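Trainee: Mind looking over this structure? Questions follow.
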Amino acid sequence: KRYEDASSGMQWLGYLTEQPGQKHLIHTGYAFQEGAAGLEKTLEPLLRGMGPTTAYYTVDGSDQPIPGTGIRIKGPGNAYYPLKFRTTVDLELQRQIEQLAKESGMKEGAVVLLDAQTADVVAMVSLPFYNPLDVNPQQRAWNNRALQAAVPGSIFKTVIAAAALEAGVTSPDETFTCNGAYGKYGLSCPKEHGVITLAEAYAESCNAVFAELAERLSAGEIEAAAHKLGLGRTVGWEEKDILGLPLLRPFDHEDSGKIFADPDKADRDGGIRAQTGIGQRDVQVTPLQAANMIVTLL
């Protein structure tokens with residue numbers, strides 16, 4: 001049995017699907033159709049094996065086995081096959097996080113857990129859950145939301161802090177005044193922080209301070225800091241010219257996200273940069289990128 005007949009948040013595993021009217025893959029009885037996904041899709045060129053293994057015996061003119069000849073086995077002579085892949089996922093942690101997500105009432109989203117030393121994926125949970133034996137592409141439950149970009153909100157302030165410090169337009173002990181409203185572009189802060197340092201503004205997630213910092217920066221400076229922290233590009237491991245493949249990219253359908261829709265326009269428009277500074281406007285980040293950003297800082 002290829003899969004458990006149960007729902008889980010392991011969309012990274014993916015699925016293969018039977019497609020009537022097409023030649024099935026010899027080793028699985030499954031064939032691709034649009035929508036095949038995950039490791040099942042990306043590793044299929046390696047997992048499909050070297051060809052069939054055949055058992056045969058010799059018969060006489062009456063199709064009766066000839067005594068003493070026995071059964072012979074003929075198959076590929078490669079000791080590495082059947083090939084196996086071992087993921088970095090800790091299955092116990094994966095299932096515990098899935099249970100916590102269900103108990104919390106979470107309907108849609110993702111949880112990504114990375115090893116702080118290596119950035120290996122230890123758990124990757126996507127909701128709603130999917131059942132690989134009952135995939136309906138129209139329902140989109142098979143989508144791995146950990147690899148799909150969304151508006152990040154305040155976690156993007158990490159990028160603005162890094163960019164502002166690197167560009168020398170602020171310092172950790174610079175003081176700002178937050179009266180609950182930025183005064184421009186309709187932006188506000190949920191809390192009136194009063195006089196606050198940059199370090200305190202970061203800890204308190206002050207919208208006013210980070211909107212101002214983003215206006216001090218150029219679009220290029222913001223994009224450069226984001227790129228160094230793994231945003232605006234895919235971060236899943238990939239390798240060219242490996243194992244006979246021109247490109248091996250295990251993560252399937254990984255979004256690259258974005259920082260600005262039009263960087264040149266953002267350079268001319270302080271409002272775009274201010275909205276970007278609090279992780280809104282055009283900013284798109286995947287949960288995997290967000291976790292990887294923190295590992296990068298660590």
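For the structure tokens, the naming scheme is as follows: chains receive sequential letters (A, B, ...) according to their order of presentation, residues are indexed from 1 within each chain, and ligands are indexed from 1 in presentation order.
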Excluding same-chain residues fewer than 2 positions from range 161-174 of chain A, what lies within 12 Å of it counting only C-alpha atoms, as a ChimeraX atom specification?

Mentor: /A:154-159,176-177,195-203,205-206,209-229,277-278,293,297

Trainee: In range 86-159 of chain A, what's helix (DSSP H, G or I) per DSSP? Answer as an MDAnalysis selection string?

Mentor: chainID A and resid 91:103 137:139 145:147 153:159

Trainee: Limited to N, CA, C and O atoms, could you put the picked residues into a file as a compact mmCIF listing (two decimals), in the first residue's frame?

Mentor:
```
# COMPACT_ATOMS: atom_id res chain seq x y z
N LEU A 91 9.32 12.49 12.18
CA LEU A 91 7.91 12.13 12.03
C LEU A 91 7.12 12.34 13.32
O LEU A 91 5.96 12.75 13.29
N GLU A 92 7.76 12.09 14.48
CA GLU A 92 7.05 12.28 15.75
C GLU A 92 6.71 13.75 15.96
O GLU A 92 5.58 14.09 16.34
N LEU A 93 7.68 14.64 15.72
CA LEU A 93 7.41 16.07 15.85
C LEU A 93 6.38 16.53 14.82
O LEU A 93 5.52 17.36 15.11
N GLN A 94 6.50 16.01 13.61
CA GLN A 94 5.54 16.35 12.55
C GLN A 94 4.11 16.06 13.01
O GLN A 94 3.22 16.90 12.91
N ARG A 95 3.91 14.87 13.57
CA ARG A 95 2.56 14.47 13.98
C ARG A 95 2.10 15.24 15.22
O ARG A 95 0.91 15.55 15.35
N GLN A 96 3.01 15.56 16.11
CA GLN A 96 2.64 16.34 17.29
C GLN A 96 2.19 17.74 16.89
O GLN A 96 1.20 18.27 17.42
N ILE A 97 2.90 18.35 15.94
CA ILE A 97 2.53 19.70 15.49
C ILE A 97 1.21 19.66 14.72
O ILE A 97 0.38 20.56 14.85
N GLU A 98 1.00 18.61 13.94
CA GLU A 98 -0.29 18.45 13.27
C GLU A 98 -1.43 18.40 14.29
O GLU A 98 -2.47 19.04 14.10
N GLN A 99 -1.22 17.66 15.37
CA GLN A 99 -2.25 17.55 16.40
C GLN A 99 -2.49 18.90 17.08
O GLN A 99 -3.64 19.29 17.32
N LEU A 100 -1.42 19.63 17.39
CA LEU A 100 -1.56 20.95 18.00
C LEU A 100 -2.31 21.91 17.06
O LEU A 100 -3.13 22.71 17.51
N ALA A 101 -2.02 21.82 15.78
CA ALA A 101 -2.69 22.69 14.81
C ALA A 101 -4.19 22.39 14.76
O ALA A 101 -5.01 23.31 14.72
N LYS A 102 -4.53 21.10 14.81
CA LYS A 102 -5.95 20.73 14.82
C LYS A 102 -6.63 21.22 16.09
O LYS A 102 -7.74 21.77 16.04
N GLU A 103 -5.98 21.00 17.23
CA GLU A 103 -6.57 21.40 18.50
C GLU A 103 -6.75 22.91 18.61
O GLU A 103 -7.66 23.39 19.29
N PRO A 137 -7.77 18.09 -7.05
CA PRO A 137 -7.00 19.31 -7.33
C PRO A 137 -7.83 20.58 -7.21
O PRO A 137 -7.31 21.64 -6.86
N GLN A 138 -9.14 20.51 -7.49
CA GLN A 138 -9.97 21.71 -7.41
C GLN A 138 -10.12 22.21 -5.97
O GLN A 138 -10.32 23.40 -5.74
N GLN A 139 -10.02 21.31 -4.99
CA GLN A 139 -10.17 21.72 -3.60
C GLN A 139 -8.89 22.35 -3.04
O GLN A 139 -8.92 23.01 -2.02
N ARG A 145 1.09 24.90 1.78
CA ARG A 145 1.06 26.32 2.10
C ARG A 145 2.36 26.80 2.74
O ARG A 145 2.60 28.00 2.81
N ALA A 146 3.20 25.89 3.19
CA ALA A 146 4.51 26.30 3.72
C ALA A 146 5.40 26.86 2.62
O ALA A 146 6.37 27.58 2.90
N LEU A 147 5.07 26.56 1.36
CA LEU A 147 5.87 27.01 0.23
C LEU A 147 5.16 28.08 -0.58
O LEU A 147 5.65 28.48 -1.64
N GLY A 153 3.28 40.81 7.03
CA GLY A 153 3.04 41.69 8.17
C GLY A 153 4.32 42.01 8.91
O GLY A 153 5.39 42.13 8.31
N SER A 154 4.23 42.09 10.23
CA SER A 154 5.31 42.69 11.03
C SER A 154 6.61 41.92 11.05
O SER A 154 7.65 42.50 11.41
N ILE A 155 6.62 40.64 10.69
CA ILE A 155 7.91 39.94 10.68
C ILE A 155 8.87 40.55 9.65
O ILE A 155 10.08 40.37 9.75
N PHE A 156 8.32 41.31 8.68
CA PHE A 156 9.18 41.94 7.68
C PHE A 156 9.96 43.10 8.29
O PHE A 156 10.93 43.57 7.69
N LYS A 157 9.56 43.56 9.46
CA LYS A 157 10.30 44.64 10.13
C LYS A 157 11.74 44.22 10.44
O LYS A 157 12.63 45.07 10.58
N THR A 158 11.98 42.92 10.53
CA THR A 158 13.35 42.41 10.70
C THR A 158 14.22 42.85 9.53
O THR A 158 15.37 43.25 9.70
N VAL A 159 13.67 42.78 8.31
CA VAL A 159 14.40 43.19 7.12
C VAL A 159 14.70 44.69 7.17
O VAL A 159 15.82 45.12 6.87
```

Trainee: Using only C-alpha atoms, find the one residue out of A:Ala36, A:Lys240, A:Val135, A:Asn207 that sits nearest to His193 in chain A.

Mentor: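 Distance minimum relative to His193 in chain A lands on A:Asn207.
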
Trainee: Using only C-alpha atoms, which residue out of A:Pro250, A:Gly270, A:Pro67, A:Gly180 lies closest to Lys41 in chain A?

Mentor: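 With only C-alpha atoms as the atom set, the closest residue is A:Pro250.
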
Trainee: Find the residues near Leu133 in chain A: any atom within 10 Å, counting only C-alpha atoms, skip ones fewer than 3 places away on the same chain, and give them as a CSV table (one decimal) with all heavy atoms, in the first residue's frame.

Mentor:
```
chain,number,residue,atom,x,y,z
A,2,ARG,N,0.7,2.1,-1.0
A,2,ARG,CA,1.7,3.2,-1.2
A,2,ARG,C,1.5,4.3,-0.1
A,2,ARG,O,2.5,4.9,0.3
A,2,ARG,CB,1.5,3.8,-2.6
A,2,ARG,CG,2.6,4.7,-3.0
A,2,ARG,CD,2.5,5.1,-4.5
A,2,ARG,NE,3.6,5.9,-4.9
A,2,ARG,CZ,4.8,5.5,-5.3
A,2,ARG,NH1,5.0,4.2,-5.4
A,2,ARG,NH2,5.7,6.4,-5.7
A,3,TYR,N,0.3,4.6,0.3
A,3,TYR,CA,0.0,5.6,1.2
A,3,TYR,C,-0.9,5.1,2.3
A,3,TYR,O,-1.6,4.2,2.1
A,3,TYR,CB,-0.7,6.8,0.6
A,3,TYR,CG,0.0,7.4,-0.6
A,3,TYR,CD1,-0.6,7.2,-1.9
A,3,TYR,CD2,1.2,8.0,-0.6
A,3,TYR,CE1,-0.1,7.8,-3.0
A,3,TYR,CE2,1.8,8.6,-1.7
A,3,TYR,CZ,1.1,8.4,-2.9
A,3,TYR,OH,1.7,8.9,-4.1
A,4,GLU,N,-0.8,5.8,3.5
A,4,GLU,CA,-1.8,5.6,4.5
A,4,GLU,C,-3.1,6.3,4.1
A,4,GLU,O,-3.1,7.4,3.5
A,4,GLU,CB,-1.4,6.1,5.9
A,4,GLU,CG,-0.2,5.4,6.5
A,4,GLU,CD,0.1,6.0,7.9
A,4,GLU,OE1,-0.7,6.8,8.4
A,4,GLU,OE2,1.2,5.7,8.4
A,5,ASP,N,-4.2,5.6,4.3
A,5,ASP,CA,-5.5,6.2,3.9
A,5,ASP,C,-6.0,7.1,5.0
A,5,ASP,O,-6.9,6.8,5.8
A,5,ASP,CB,-6.6,5.1,3.6
A,5,ASP,CG,-7.9,5.7,3.1
A,5,ASP,OD1,-7.9,6.9,2.8
A,5,ASP,OD2,-8.8,4.9,2.9
A,6,ALA,N,-5.3,8.2,5.2
A,6,ALA,CA,-5.6,9.2,6.3
A,6,ALA,C,-5.1,10.5,5.9
A,6,ALA,O,-4.2,10.7,5.0
A,6,ALA,CB,-4.9,8.7,7.6
A,7,SER,N,-5.7,11.6,6.5
A,7,SER,CA,-5.4,12.9,6.2
A,7,SER,C,-4.2,13.4,7.1
A,7,SER,O,-4.1,13.0,8.2
A,7,SER,CB,-6.6,13.9,6.4
A,7,SER,OG,-7.6,13.6,5.5
A,15,TYR,N,2.0,13.3,-4.0
A,15,TYR,CA,1.2,12.1,-4.5
A,15,TYR,C,1.5,11.9,-6.0
A,15,TYR,O,1.9,12.8,-6.7
A,15,TYR,CB,-0.3,12.3,-4.3
A,15,TYR,CG,-0.9,13.4,-5.1
A,15,TYR,CD1,-1.4,13.1,-6.3
A,15,TYR,CD2,-0.9,14.7,-4.6
A,15,TYR,CE1,-1.9,14.2,-7.1
A,15,TYR,CE2,-1.4,15.7,-5.4
A,15,TYR,CZ,-1.9,15.5,-6.6
A,15,TYR,OH,-2.4,16.5,-7.4
A,16,LEU,N,1.3,10.6,-6.4
A,16,LEU,CA,1.2,10.3,-7.8
A,16,LEU,C,-0.3,9.9,-8.0
A,16,LEU,O,-0.9,9.4,-7.1
A,16,LEU,CB,2.1,9.2,-8.2
A,16,LEU,CG,3.6,9.5,-8.3
A,16,LEU,CD1,4.4,8.2,-8.7
A,16,LEU,CD2,3.9,10.6,-9.3
A,17,THR,N,-0.7,10.0,-9.2
A,17,THR,CA,-2.1,9.7,-9.4
A,17,THR,C,-2.3,8.8,-10.7
A,17,THR,O,-1.6,9.0,-11.6
A,17,THR,CB,-3.0,11.0,-9.5
A,17,THR,OG1,-4.4,10.6,-9.7
A,17,THR,CG2,-2.6,11.8,-10.7
A,130,TYR,N,-4.5,17.0,3.8
A,130,TYR,CA,-4.9,16.3,2.5
A,130,TYR,C,-4.7,14.8,2.7
A,130,TYR,O,-4.0,14.3,3.6
A,130,TYR,CB,-4.0,16.8,1.4
A,130,TYR,CG,-2.7,16.0,1.1
A,130,TYR,CD1,-2.4,15.4,-0.1
A,130,TYR,CD2,-1.8,15.8,2.2
A,130,TYR,CE1,-1.2,14.7,-0.3
A,130,TYR,CE2,-0.6,15.1,2.0
A,130,TYR,CZ,-0.3,14.5,0.7
A,130,TYR,OH,0.8,13.8,0.5
A,136,ASN,N,-8.3,15.9,-4.7
A,136,ASN,CA,-9.1,16.6,-5.6
A,136,ASN,C,-8.4,18.0,-5.9
A,136,ASN,O,-8.5,18.9,-5.1
A,136,ASN,CB,-10.5,16.9,-5.0
A,136,ASN,CG,-11.5,17.6,-6.0
A,136,ASN,OD1,-11.0,18.2,-7.0
A,136,ASN,ND2,-12.7,17.5,-5.7
```

Trainee: Please identify the strand (DSSP E or B) residues within range 20-179 of chain A (assignment by DSSP from backbone atoms) and present them as a compact mmCIF listing (two decimals) with all heavy atoms, in the first residue's frame.

Mentor:
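Full text of states-v2.txt as output:
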```
# COMPACT_ATOMS: atom_id res chain seq x y z
N ALA A 31 0.62 6.94 -12.92
CA ALA A 31 1.14 7.80 -13.98
C ALA A 31 0.89 9.25 -13.59
O ALA A 31 0.01 9.56 -12.81
CB ALA A 31 0.45 7.49 -15.31
N ALA A 37 2.41 16.00 -7.32
CA ALA A 37 3.10 17.03 -6.55
C ALA A 37 4.05 16.43 -5.53
O ALA A 37 4.09 15.22 -5.31
CB ALA A 37 2.07 17.92 -5.84
N THR A 54 12.30 -9.76 -13.55
CA THR A 54 11.44 -10.81 -14.10
C THR A 54 11.82 -12.17 -13.53
O THR A 54 13.01 -12.51 -13.45
CB THR A 54 11.56 -10.86 -15.64
OG1 THR A 54 11.29 -9.56 -16.17
CG2 THR A 54 10.60 -11.87 -16.24
N ALA A 55 10.82 -12.94 -13.13
CA ALA A 55 11.02 -14.33 -12.72
C ALA A 55 10.55 -15.23 -13.88
O ALA A 55 9.46 -15.03 -14.42
CB ALA A 55 10.22 -14.63 -11.46
N TYR A 56 11.37 -16.21 -14.28
CA TYR A 56 10.97 -17.07 -15.40
C TYR A 56 11.49 -18.48 -15.18
O TYR A 56 12.41 -18.72 -14.39
CB TYR A 56 11.46 -16.49 -16.73
CG TYR A 56 12.97 -16.46 -16.89
CD1 TYR A 56 13.63 -17.46 -17.60
CD2 TYR A 56 13.73 -15.41 -16.36
CE1 TYR A 56 15.00 -17.44 -17.75
CE2 TYR A 56 15.09 -15.37 -16.51
CZ TYR A 56 15.73 -16.39 -17.21
OH TYR A 56 17.09 -16.36 -17.37
N TYR A 57 10.88 -19.42 -15.88
CA TYR A 57 11.33 -20.81 -15.84
C TYR A 57 11.15 -21.43 -17.22
O TYR A 57 10.42 -20.91 -18.07
CB TYR A 57 10.57 -21.62 -14.78
CG TYR A 57 9.08 -21.62 -14.93
CD1 TYR A 57 8.42 -22.62 -15.66
CD2 TYR A 57 8.29 -20.64 -14.31
CE1 TYR A 57 7.06 -22.63 -15.79
CE2 TYR A 57 6.92 -20.64 -14.44
CZ TYR A 57 6.30 -21.63 -15.18
OH TYR A 57 4.94 -21.64 -15.32
N VAL A 59 10.07 -24.26 -19.98
CA VAL A 59 8.99 -25.25 -20.18
C VAL A 59 9.28 -26.07 -21.43
O VAL A 59 10.07 -25.67 -22.28
CB VAL A 59 7.63 -24.54 -20.32
CG1 VAL A 59 7.28 -23.78 -19.04
CG2 VAL A 59 7.61 -23.60 -21.52
N PRO A 65 6.75 -27.20 -16.85
CA PRO A 65 8.10 -26.90 -16.36
C PRO A 65 9.03 -28.10 -16.52
O PRO A 65 8.64 -29.24 -16.25
CB PRO A 65 7.87 -26.58 -14.88
CG PRO A 65 6.43 -26.19 -14.79
CD PRO A 65 5.72 -27.02 -15.82
N ILE A 71 13.45 -21.80 -11.01
CA ILE A 71 13.04 -20.45 -11.38
C ILE A 71 14.27 -19.55 -11.42
O ILE A 71 15.11 -19.59 -10.52
CB ILE A 71 12.00 -19.89 -10.38
CG1 ILE A 71 10.73 -20.73 -10.44
CG2 ILE A 71 11.69 -18.43 -10.67
CD1 ILE A 71 9.68 -20.31 -9.44
N ARG A 72 14.35 -18.75 -12.45
CA ARG A 72 15.47 -17.81 -12.58
C ARG A 72 14.96 -16.38 -12.47
O ARG A 72 13.84 -16.08 -12.86
CB ARG A 72 16.17 -18.01 -13.93
CG ARG A 72 16.74 -19.42 -14.11
CD ARG A 72 17.43 -19.56 -15.44
NE ARG A 72 17.89 -20.92 -15.64
CZ ARG A 72 18.57 -21.33 -16.73
NH1 ARG A 72 18.82 -20.48 -17.71
NH2 ARG A 72 18.96 -22.58 -16.84
N ILE A 73 15.82 -15.53 -11.93
CA ILE A 73 15.48 -14.12 -11.75
C ILE A 73 16.40 -13.28 -12.64
O ILE A 73 17.61 -13.45 -12.63
CB ILE A 73 15.67 -13.67 -10.28
CG1 ILE A 73 14.84 -14.54 -9.34
CG2 ILE A 73 15.29 -12.19 -10.13
CD1 ILE A 73 13.35 -14.40 -9.53
N LYS A 74 15.78 -12.41 -13.42
CA LYS A 74 16.55 -11.52 -14.28
C LYS A 74 16.13 -10.08 -13.98
O LYS A 74 14.95 -9.75 -14.02
CB LYS A 74 16.27 -11.84 -15.75
CG LYS A 74 17.08 -10.99 -16.73
CD LYS A 74 16.77 -11.38 -18.16
CE LYS A 74 17.60 -10.55 -19.14
NZ LYS A 74 17.31 -10.91 -20.56
N GLY A 109 -3.20 27.41 6.75
CA GLY A 109 -1.91 27.99 7.09
C GLY A 109 -0.82 26.94 7.10
O GLY A 109 -0.97 25.87 6.51
N ALA A 110 0.28 27.25 7.76
CA ALA A 110 1.41 26.34 7.78
C ALA A 110 2.25 26.54 9.03
O ALA A 110 2.24 27.61 9.62
CB ALA A 110 2.28 26.55 6.54
N VAL A 111 2.95 25.48 9.42
CA VAL A 111 3.93 25.53 10.50
C VAL A 111 5.22 24.93 9.95
O VAL A 111 5.21 23.81 9.43
CB VAL A 111 3.47 24.75 11.74
CG1 VAL A 111 4.52 24.86 12.85
CG2 VAL A 111 2.11 25.23 12.23
N VAL A 112 6.32 25.67 10.07
CA VAL A 112 7.61 25.18 9.59
C VAL A 112 8.59 25.18 10.76
O VAL A 112 8.75 26.18 11.44
CB VAL A 112 8.16 26.06 8.46
CG1 VAL A 112 9.53 25.56 8.01
CG2 VAL A 112 7.20 26.07 7.27
N LEU A 113 9.23 24.04 10.97
CA LEU A 113 10.23 23.90 12.02
C LEU A 113 11.56 23.54 11.37
O LEU A 113 11.66 22.51 10.69
CB LEU A 113 9.81 22.81 13.02
CG LEU A 113 10.76 22.52 14.18
CD1 LEU A 113 10.90 23.73 15.08
CD2 LEU A 113 10.27 21.32 14.98
N LEU A 114 12.57 24.39 11.57
CA LEU A 114 13.89 24.15 11.00
C LEU A 114 14.91 23.89 12.10
O LEU A 114 14.79 24.42 13.20
CB LEU A 114 14.37 25.36 10.18
CG LEU A 114 13.51 25.80 9.00
CD1 LEU A 114 14.20 26.95 8.26
CD2 LEU A 114 13.24 24.66 8.04
N VAL A 121 14.82 20.93 7.35
CA VAL A 121 13.40 20.91 7.71
C VAL A 121 13.15 19.75 8.67
O VAL A 121 13.35 18.59 8.32
CB VAL A 121 12.52 20.76 6.46
CG1 VAL A 121 11.05 20.62 6.85
CG2 VAL A 121 12.70 21.94 5.53
N VAL A 122 12.73 20.07 9.88
CA VAL A 122 12.43 19.05 10.89
C VAL A 122 10.94 18.71 10.86
O VAL A 122 10.54 17.57 11.10
CB VAL A 122 12.84 19.54 12.29
CG1 VAL A 122 12.52 18.50 13.35
CG2 VAL A 122 14.33 19.87 12.31
N ALA A 123 10.11 19.69 10.57
CA ALA A 123 8.67 19.46 10.41
C ALA A 123 8.12 20.53 9.50
O ALA A 123 8.57 21.67 9.52
CB ALA A 123 7.94 19.48 11.76
N MET A 124 7.15 20.15 8.68
CA MET A 124 6.50 21.09 7.77
C MET A 124 5.04 20.68 7.65
O MET A 124 4.73 19.64 7.06
CB MET A 124 7.19 21.09 6.40
CG MET A 124 6.57 22.07 5.40
SD MET A 124 7.43 22.05 3.80
CE MET A 124 8.87 23.08 4.17
N VAL A 125 4.17 21.46 8.26
CA VAL A 125 2.75 21.12 8.35
C VAL A 125 1.96 22.14 7.54
O VAL A 125 2.16 23.34 7.67
CB VAL A 125 2.28 21.12 9.82
CG1 VAL A 125 0.78 20.87 9.90
CG2 VAL A 125 3.05 20.08 10.63
N SER A 126 1.05 21.65 6.73
CA SER A 126 0.19 22.51 5.92
C SER A 126 -1.27 22.18 6.21
O SER A 126 -1.64 21.01 6.33
CB SER A 126 0.50 22.33 4.43
OG SER A 126 -0.35 23.13 3.63
N LEU A 127 -2.07 23.22 6.35
CA LEU A 127 -3.50 23.04 6.56
C LEU A 127 -4.28 23.80 5.50
O LEU A 127 -3.85 24.87 5.08
CB LEU A 127 -3.93 23.55 7.94
CG LEU A 127 -3.51 22.69 9.12
CD1 LEU A 127 -2.22 23.25 9.71
CD2 LEU A 127 -4.58 22.64 10.19
N TYR A 130 -4.49 16.95 3.75
CA TYR A 130 -4.86 16.27 2.51
C TYR A 130 -4.71 14.77 2.70
O TYR A 130 -3.99 14.29 3.58
CB TYR A 130 -3.99 16.76 1.36
CG TYR A 130 -2.70 15.97 1.14
CD1 TYR A 130 -2.41 15.37 -0.07
CD2 TYR A 130 -1.76 15.83 2.17
CE1 TYR A 130 -1.24 14.65 -0.27
CE2 TYR A 130 -0.59 15.13 1.97
CZ TYR A 130 -0.34 14.54 0.75
OH TYR A 130 0.82 13.82 0.55
N ALA A 150 2.64 34.72 1.09
CA ALA A 150 1.51 35.48 1.61
C ALA A 150 2.05 36.77 2.22
O ALA A 150 3.26 36.95 2.39
CB ALA A 150 0.75 34.67 2.66
N THR A 175 16.29 57.55 19.22
CA THR A 175 14.94 57.66 19.80
C THR A 175 13.95 58.22 18.77
O THR A 175 14.30 59.08 17.94
CB THR A 175 14.95 58.57 21.04
OG1 THR A 175 15.45 59.86 20.68
CG2 THR A 175 15.78 57.96 22.15
N PHE A 176 12.74 57.73 18.86
CA PHE A 176 11.64 58.15 17.99
C PHE A 176 10.45 58.49 18.89
O PHE A 176 10.40 58.11 20.06
CB PHE A 176 11.23 57.03 17.03
CG PHE A 176 12.34 56.53 16.14
CD1 PHE A 176 13.28 55.62 16.62
CD2 PHE A 176 12.43 56.96 14.83
CE1 PHE A 176 14.30 55.14 15.79
CE2 PHE A 176 13.44 56.49 13.99
CZ PHE A 176 14.38 55.58 14.48
N THR A 177 9.49 59.18 18.32
CA THR A 177 8.25 59.46 19.04
C THR A 177 7.09 58.85 18.29
O THR A 177 6.86 59.16 17.11
CB THR A 177 8.03 60.97 19.21
OG1 THR A 177 9.12 61.54 19.93
CG2 THR A 177 6.72 61.23 19.97
N CYS A 178 6.35 57.98 18.96
CA CYS A 178 5.18 57.32 18.37
C CYS A 178 3.94 57.81 19.11
O CYS A 178 3.79 57.55 20.31
CB CYS A 178 5.30 55.80 18.46
SG CYS A 178 3.76 54.93 18.05
```

Trainee: Considering only C-alpha atoms, return as a PyMOL selection string whatever protein or nucleic-acid residues lie within 7 Å of Gly38 in chain A, sequence-local ones (same chain, fewer than 4 positions apart) excluded.

Mentor: chain A and resi 11-15+42+251-252

Trainee: So that I can see what lies close to range 230-232 of chain A, please list as a list of chain:residue names the residues with an atom at most 9 Å from it, counting only C-alpha atoms and leaving out residues fewer than 4 positions away in the same chain.

Mentor: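 The residues satisfying every condition are A:Glu223, A:Ala225, A:Ala226, A:Asp255, A:Ser256, A:Gly257, A:Lys258, A:Ile259, A:Val283, A:Gln284, A:Val285, A:Thr286, A:Gln289, A:Ala290, A:Asn292, A:Met293, A:Thr296.
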
Trainee: So how many Å separate CA of Pro190 in chain A and CA of Lys107 in chain A, to one decimal?

Mentor: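 Here the two named atoms are 26.0 Å from each other.
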
Trainee: Hey, can you check how far CA of Asp241 in chain A sits from CA of Asn143 in chain A?

Mentor: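 Spanning CA of Asp241 in chain A to CA of Asn143 in chain A is a straight-line distance of 27.7 Å.
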
Trainee: With distances taken over only C-alpha atoms, which residue among A:Ala274, A:Ala116, A:Ala79, A:Leu47 lies nearest Lys184 in chain A?

Mentor: A:Ala274
